[in-house]
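Trainee: My structure is below; once you've seen it, I'll send some questions.
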Amino acid sequence: MAKKSSSESEARKECKFYVNASVKDFKNSILWHMERSLARATVRATSRDWWLATAMAVRDEIMGRFISTMSRQYKANSKRVYYLSLEYLMGRLTEDTLTNSGLMDVAREALKELGLDFDSIMASEVDMGLGNGGLGRLAACFQDSLATLDYPAVGYGILYEFGLFTQSFEGGRQIESPDNWLKFGSPWDIVRPEYTVKVGIGGRVEGVMSSTGDWSVRWIPEGELLGVPWDVPVVGYGAGTVNFLRLWESRATNELDLNAFNNGGYTQAVHQKAMSETISKVLYPNDKTENGKILRLMQQYFFVTCSLQDIIRRFKSLNGENWDIFADKVAIQLNDTHPAIAVPELMRLLVDVEGLGWDKSWEICTHVFAYTNHTLLPEALEKWSVPFFEKLLPRHLQIIYEINARWLSYVESIYGRDSDKIARLSIIEEGAPKMVRMAYLSVVGSHSVNGVAELHSQLLKESVLRDFYQISPEKFNNKTNGITPRRWLKTANEGLSDLITKTLKSDSWPKNLDELKGLEKFAEDSDFQKKYMEIKRENKAHLAKIVKDLCGVDLNPDAIFDVQIKRLHEYKRQHLNLLYILTLYRRLLHNPDADISPRAFIFGAKAAPGYDLAKNIIWAINTVGNVINNDARIKGKLKVAFIPNYNVSLAMDIIPAADVSEQISTAGKEASGTGNMKLALNGAITMGTLDGANVEILEEVGKDNVFIFGMNVDEVQKLKAEGYNPWNVYNSNENLKSALDWLVSDYFMPGNPTAFEPLRKSVLDWGDQFMVCADYQSYCDAQDRLGEVYKDKARWAKMAILNTARMSKFSSDRTISEYADDIWNLEKLPPRE
Ligand SMILES: *Cc1c(COP(=O)(O)O)cnc(C)c1O
C-alpha cells in the first residue's frame, strides 16, 4: 500500500495484506493469460476475454496463499469446521477476491492502462447463483468470514450445472430460462479428480459374517456413481488465509457404462450415464417449500456422502484409525435439514465400513454434528416418505429406525408410556405413507440446535421444537445471522467506503466493523452529512441508469428510493407494499398537487416457478407499475420499477442506492432476514415489522432511526386465536377496500379484470393467512410518516448515518466467532508472520 504522509500513516491502523503486485506486473500477467491461456489476440478480445484474463491473473496471485494455508492447516493437524450446505449464493467472485487480496487498485489501474473500463469488464462475469436466497447467501458470507478470521474450514456443496433460473418479464409476467452459468467454464473452479469418491444408490441390505467372526450388516447398492470435487478458493480479507469450497459434480462410473454397454447396448449405457449425471444438473428453485421429489433426496445423499468420505479420508491421513479424537478434529455444521442424511450416513460409515460399533459411533456423531434451523413455516419442514427411503437408501432407513427406537426408549425413560408424547417426538411420522421428519433427525443427532435471530430461536423453543427443548434445553442456542462487510460495503459501495476510511482515518474497519461506531459523532456534522448524502445520490443516479436500461423506467435520483428486494413470498408481503402504492396513487389522483415526497418503488424478486400466487403478485406489481409510470396526471411523483432477475450482483447495485428498506413480513414468519442488514449498513432506513432480526436492528439503531409498524408476534397469535376475519377490516377501511377493488377492475387490465382475482382472494376469501389486511392501516400510517420525515434533509441524513454507524453487530465475523466459540470449539490458525 502507498505510504501516506507520516502523521496520517501514524493515525492509520493499517491492514496487512499478504499479496502484492505492481501495476506493471499485473498488466503483463493479464496480457500473458490473454495470449497463453486464452489464445486470443488482444485486438479481438471481448469483455469476457478481458475478464477471464484478469481473473486468471488474480488467481495466480492468491495461489501461493492457498497452498500455504493448506500446508499450515495440515501441519498443525488442527480442528476444522465443515459447513454442509445444499446452496451457496456466491455471486461474482473476481471483484470480491480483488478486495480481499488488496489488489483492487492495482487491477483498476492495470485495466485503465490497457484502455479498458474496469466496471464493464467485471460485469462480464456471470453470477455463481447456486442458491435461492437468504440461506444460500448466508453460507457464502460465512465462507468469507471463516477465511477472514483464519479459521480452518471447508464448505461442501454441489456444483450445479444450472443455478437458479434467469428471470425475465413478458407482459409483466415472470418467464424462467435456464441459468447456464458454466457454459464457458469458470476460472474459479479447480477440478480435483484425484479426490473422486464413489456413491451407491438403491439395492438391498445383507447380513454378513465379518473377518472377526461377528455378524454384521452390509449395504449392497444397486447402482454406483462418482462424485468429482471442484474447489473454489475463498480468500479472507488480507489474504492471510485462503480456504476453499468443495463442490461435487456427479458423473457416471466407467464400469457402469461398460457393463450396461455389454449387456444392454448403447442406448441403455447412455441412459444410465445421463441418469448419474442428472444428480448435480440443476438447483431446485424452491425457497421455503419442499416438493418431495426423489431427485432432491438423491442430491442430498450424494453431496453428503461425498463430503463425509472426504472428511474421513483427510482425518485418516493425519490420524490413522484413532477414532477417539475424531470429534476433536472435526466439527460439521448442517445448514438447515438439507444435509440431515449425514447423521445416518456417518453412522453407516462408522458402523458398517469402519466396524466401530453402534454406541461409539453414536457418541462420535452427536459430538460432531450441529444443526441450524432456518424457518418455522410448516410447509418448509422437510419430510421424506419412508417408501422413497426404502427404495433409494435401504440401509439408511434401517439406521434411522434404530436411532429412533433408542431415542424413543430414552423418551419413555423420562415420561413413561405416554403414547401422545412418543408420537410427537418420533422421527417417524405415522400415516400413509410414513414420513421421516428430517428436523427431528437433525436435533437428535446433534449436540447443538440454533436459530438465526433472537426472536426466531425463542419461537423455535416454544413451537416446532418445544418437546425437544424440554428434554435437552442445553442443546438450544441462538446465532443471529450476519453479512460480510467486505462484499456488502467495501466492494458494493466504494464511495461510502472511501468516506468511512478517510473519516475514521483507518482502513481496518472491514475486518473490525465495530470501528464504524466512530461515525456516530459525525451524524450531525453538516459537512459529513453533505458528503454522505452526495454519495447516496451518486449511487442512486447509477442505479437509475441500470433501471432505465433493464426496465425502461425513468427514476428521479431525488425521489425516495424505496426498495423491497427478496424472494417473492406471501409471508414477505410484497402485496402489502403494492396496496400502499395503490393507496398513494389514488390519493394523488384525487389531489395531484398533494405535497408528498416523490417516491420510486423498486422491487427485485424471483417467484418459485410452481408458486402461482407469487407469480400473480409479480404480474400485479408490473401491471400497476406500468399504468402509474405512464400516468402524466401524477407528474412523475410516483414510479414503480420491478428489476428483472434479482441476484447478488444486482443486489450490490441496488443496496447502496436505497433510502428505504422494506422488511414487512408477518411477525413470526421471517426467521432472521439478512437483506435488512445489508440495506441498513448502507444507510437505508428500515420500514419493518417486529420480526426476525428487525427486532435486533431496532435495538442497535434506536427507535428514532427505524420505522416500526404492525402487529408483533403476540398480537398476531392473539388475533388468530380470537378468529381473524379480513372482511371486517375490508368493510371498515375505505382505502383498503378501494385499493383491493381497483385491482380487479378494468382500469389496470382492460378486458381482463379478473387477472388479479387470486391476489385479492388470498387476502379476503382465503382467510388472509399472512394478515395483510390486519396490518394495512398501520403500514400506510408508517409510510406516510416516513414521507414527511424525508422532507427534513438533515434529519434524514442523521438517521442514515446512524444506521451505518450502529450496524456492526451484524457483521458475519461476529456470527462466525460465536459459532466457533460456542458450537465448534474451534481455534484460529493465522499465518505466522
Ligand atoms: C441477501 C440476499 C437475499 C436475502 O434477502 P432477505 O431480504 O433476507 O430475504 C436474497 N437474495 C439475494 C440475492 C441476497 O443477496
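Labels used: A, B, ... for chains in the order of the C-alpha cells, numbers from 1 for residues in each chain, and numbers from 1 for ligands as shown.
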Give the residue list for ligand 1 at 10 Å, counting only C-alpha atoms and all ligand atoms, as a VMD selection string, sorted by chain and then by residue number.
Mentor: chain A and resid 89 to 91 129 131 to 138 140 to 141 287 481 to 483 488 564 to 569 572 604 to 606 645 to 652 655 661 to 665 670 to 679 692 to 693
Trainee: Name the residues of range 427-583 of chain A that fall into alpha helix (DSSP H) according to DSSP on the backbone, using the chain letters and numbers of this document, as a VMD selection string.
Mentor: chain A and resid 438 to 445 454 to 462 466 to 471 485 494 to 504 526 to 551 574 to 583
Trainee: Please dump the current selection as an mmCIF file, in the first residue's frame; keep C-alpha atoms.
Mentor:
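Done, and the output landed in part_5.cif:
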data_model
loop_
_atom_site.group_PDB
_atom_site.id
_atom_site.type_symbol
_atom_site.label_atom_id
_atom_site.label_comp_id
_atom_site.auth_asym_id
_atom_site.auth_seq_id
_atom_site.Cartn_x
_atom_site.Cartn_y
_atom_site.Cartn_z
ATOM 1 C CA MET A 438 -35.633 -34.548 8.930
ATOM 2 C CA ALA A 439 -35.659 -31.749 11.516
ATOM 3 C CA TYR A 440 -36.175 -34.244 14.323
ATOM 4 C CA LEU A 441 -33.407 -36.463 12.944
ATOM 5 C CA SER A 442 -31.125 -33.405 12.931
ATOM 6 C CA VAL A 443 -31.981 -32.470 16.512
ATOM 7 C CA VAL A 444 -31.492 -35.982 17.861
ATOM 8 C CA GLY A 445 -28.192 -36.422 16.005
ATOM 9 C CA GLU A 454 -33.123 -13.986 18.967
ATOM 10 C CA LEU A 455 -36.844 -13.979 18.239
ATOM 11 C CA HIS A 456 -36.628 -16.992 15.933
ATOM 12 C CA SER A 457 -34.589 -19.034 18.430
ATOM 13 C CA GLN A 458 -37.129 -18.205 21.119
ATOM 14 C CA LEU A 459 -40.069 -19.230 18.917
ATOM 15 C CA LEU A 460 -38.303 -22.489 17.989
ATOM 16 C CA LYS A 461 -38.195 -23.450 21.654
ATOM 17 C CA GLU A 462 -41.844 -22.520 22.130
ATOM 18 C CA ARG A 466 -40.799 -27.427 22.082
ATOM 19 C CA ASP A 467 -40.856 -31.088 23.145
ATOM 20 C CA PHE A 468 -37.184 -31.448 22.226
ATOM 21 C CA TYR A 469 -36.297 -28.298 24.130
ATOM 22 C CA GLN A 470 -37.934 -29.666 27.266
ATOM 23 C CA ILE A 471 -35.810 -32.807 27.103
ATOM 24 C CA PRO A 485 -18.944 -6.126 5.205
ATOM 25 C CA GLU A 494 -16.829 2.168 -2.808
ATOM 26 C CA GLY A 495 -17.885 5.786 -2.399
ATOM 27 C CA LEU A 496 -19.135 5.281 1.131
ATOM 28 C CA SER A 497 -16.197 3.001 1.953
ATOM 29 C CA ASP A 498 -13.686 5.666 0.976
ATOM 30 C CA LEU A 499 -15.561 8.270 3.017
ATOM 31 C CA ILE A 500 -15.526 5.961 6.048
ATOM 32 C CA THR A 501 -11.810 5.232 5.675
ATOM 33 C CA LYS A 502 -10.994 8.950 5.416
ATOM 34 C CA THR A 503 -13.273 9.936 8.268
ATOM 35 C CA LEU A 504 -12.102 7.247 10.689
ATOM 36 C CA SER A 526 -23.351 19.126 8.267
ATOM 37 C CA ASP A 527 -20.184 18.729 6.224
ATOM 38 C CA PHE A 528 -20.181 14.973 6.804
ATOM 39 C CA GLN A 529 -23.911 14.750 6.172
ATOM 40 C CA LYS A 530 -23.405 16.513 2.852
ATOM 41 C CA LYS A 531 -20.665 14.117 1.781
ATOM 42 C CA TYR A 532 -22.611 11.087 2.941
ATOM 43 C CA MET A 533 -25.762 12.124 1.090
ATOM 44 C CA GLU A 534 -23.816 13.094 -2.048
ATOM 45 C CA ILE A 535 -22.504 9.550 -2.221
ATOM 46 C CA LYS A 536 -26.025 8.213 -1.759
ATOM 47 C CA ARG A 537 -27.193 10.428 -4.590
ATOM 48 C CA GLU A 538 -24.409 9.225 -6.898
ATOM 49 C CA ASN A 539 -25.367 5.641 -6.109
ATOM 50 C CA LYS A 540 -28.999 6.479 -6.882
ATOM 51 C CA ALA A 541 -28.053 8.056 -10.211
ATOM 52 C CA HIS A 542 -26.049 4.939 -11.034
ATOM 53 C CA LEU A 543 -28.991 2.688 -10.183
ATOM 54 C CA ALA A 544 -31.338 4.929 -12.188
ATOM 55 C CA LYS A 545 -29.206 4.194 -15.282
ATOM 56 C CA ILE A 546 -29.430 0.463 -14.638
ATOM 57 C CA VAL A 547 -33.199 0.682 -14.140
ATOM 58 C CA LYS A 548 -33.587 2.681 -17.332
ATOM 59 C CA ASP A 549 -31.602 0.041 -19.135
ATOM 60 C CA LEU A 550 -33.391 -3.001 -17.668
ATOM 61 C CA CYS A 551 -36.932 -1.706 -17.164
ATOM 62 C CA GLN A 574 -44.762 -7.655 -1.406
ATOM 63 C CA HIS A 575 -48.532 -7.277 -1.922
ATOM 64 C CA LEU A 576 -48.837 -5.157 1.223
ATOM 65 C CA ASN A 577 -46.343 -2.795 -0.388
ATOM 66 C CA LEU A 578 -48.463 -2.851 -3.569
ATOM 67 C CA LEU A 579 -51.565 -1.888 -1.583
ATOM 68 C CA TYR A 580 -49.775 1.188 -0.241
ATOM 69 C CA ILE A 581 -48.654 2.100 -3.772
ATOM 70 C CA LEU A 582 -52.284 1.888 -4.937
ATOM 71 C CA THR A 583 -53.392 3.980 -1.977
#
Trainee: Where does DSSP see strand (DSSP E) in range 678-772 of chain A, if you list the residues as a ChimeraX atom specification?
Mentor: /A:685-688,707-708
Trainee: Expressed in Å to a single decimal, how great is the separation between CA of Tyr571 in chain A and CA of Asp768 in chain A?
Mentor: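 Going from CA of Tyr571 in chain A over to CA of Asp768 in chain A, I get 10.4 Å.
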Trainee: Go through A:Tyr724, A:Tyr779, A:Trp219, A:Tyr301 one by one, measure the shortest atom-to-atom distance of each to Arg204 in chain A using only C-alpha atoms, and give the residue with the smallest value.
Mentor: A:Trp219
Trainee: Could you give me, as a PyMOL selection string, the residues within 6 Å of range 176-186 of chain A, counting only C-alpha atoms and dropping anything in the same chain fewer than 5 positions from it?
Mentor: chain A and resi 162-163+165-167
Trainee: Give me a file of those residues, with N, CA and C atoms, as a CSV table (one decimal), in the first residue's frame.
Mentor:
chain,number,residue,atom,x,y,z
A,162,PHE,N,-26.7,-26.0,-13.6
A,162,PHE,CA,-27.6,-24.9,-13.8
A,162,PHE,C,-28.0,-24.3,-12.4
A,163,GLY,N,-27.7,-23.1,-12.2
A,163,GLY,CA,-28.0,-22.4,-11.0
A,163,GLY,C,-29.5,-22.0,-11.0
A,165,PHE,N,-32.8,-20.2,-11.9
A,165,PHE,CA,-33.2,-19.8,-13.2
A,165,PHE,C,-33.0,-18.3,-13.4
A,166,THR,N,-32.9,-17.9,-14.7
A,166,THR,CA,-32.9,-16.5,-15.0
A,166,THR,C,-34.3,-16.0,-15.2
A,167,GLN,N,-34.6,-14.9,-14.7
A,167,GLN,CA,-36.0,-14.3,-14.8
A,167,GLN,C,-36.1,-13.2,-15.8
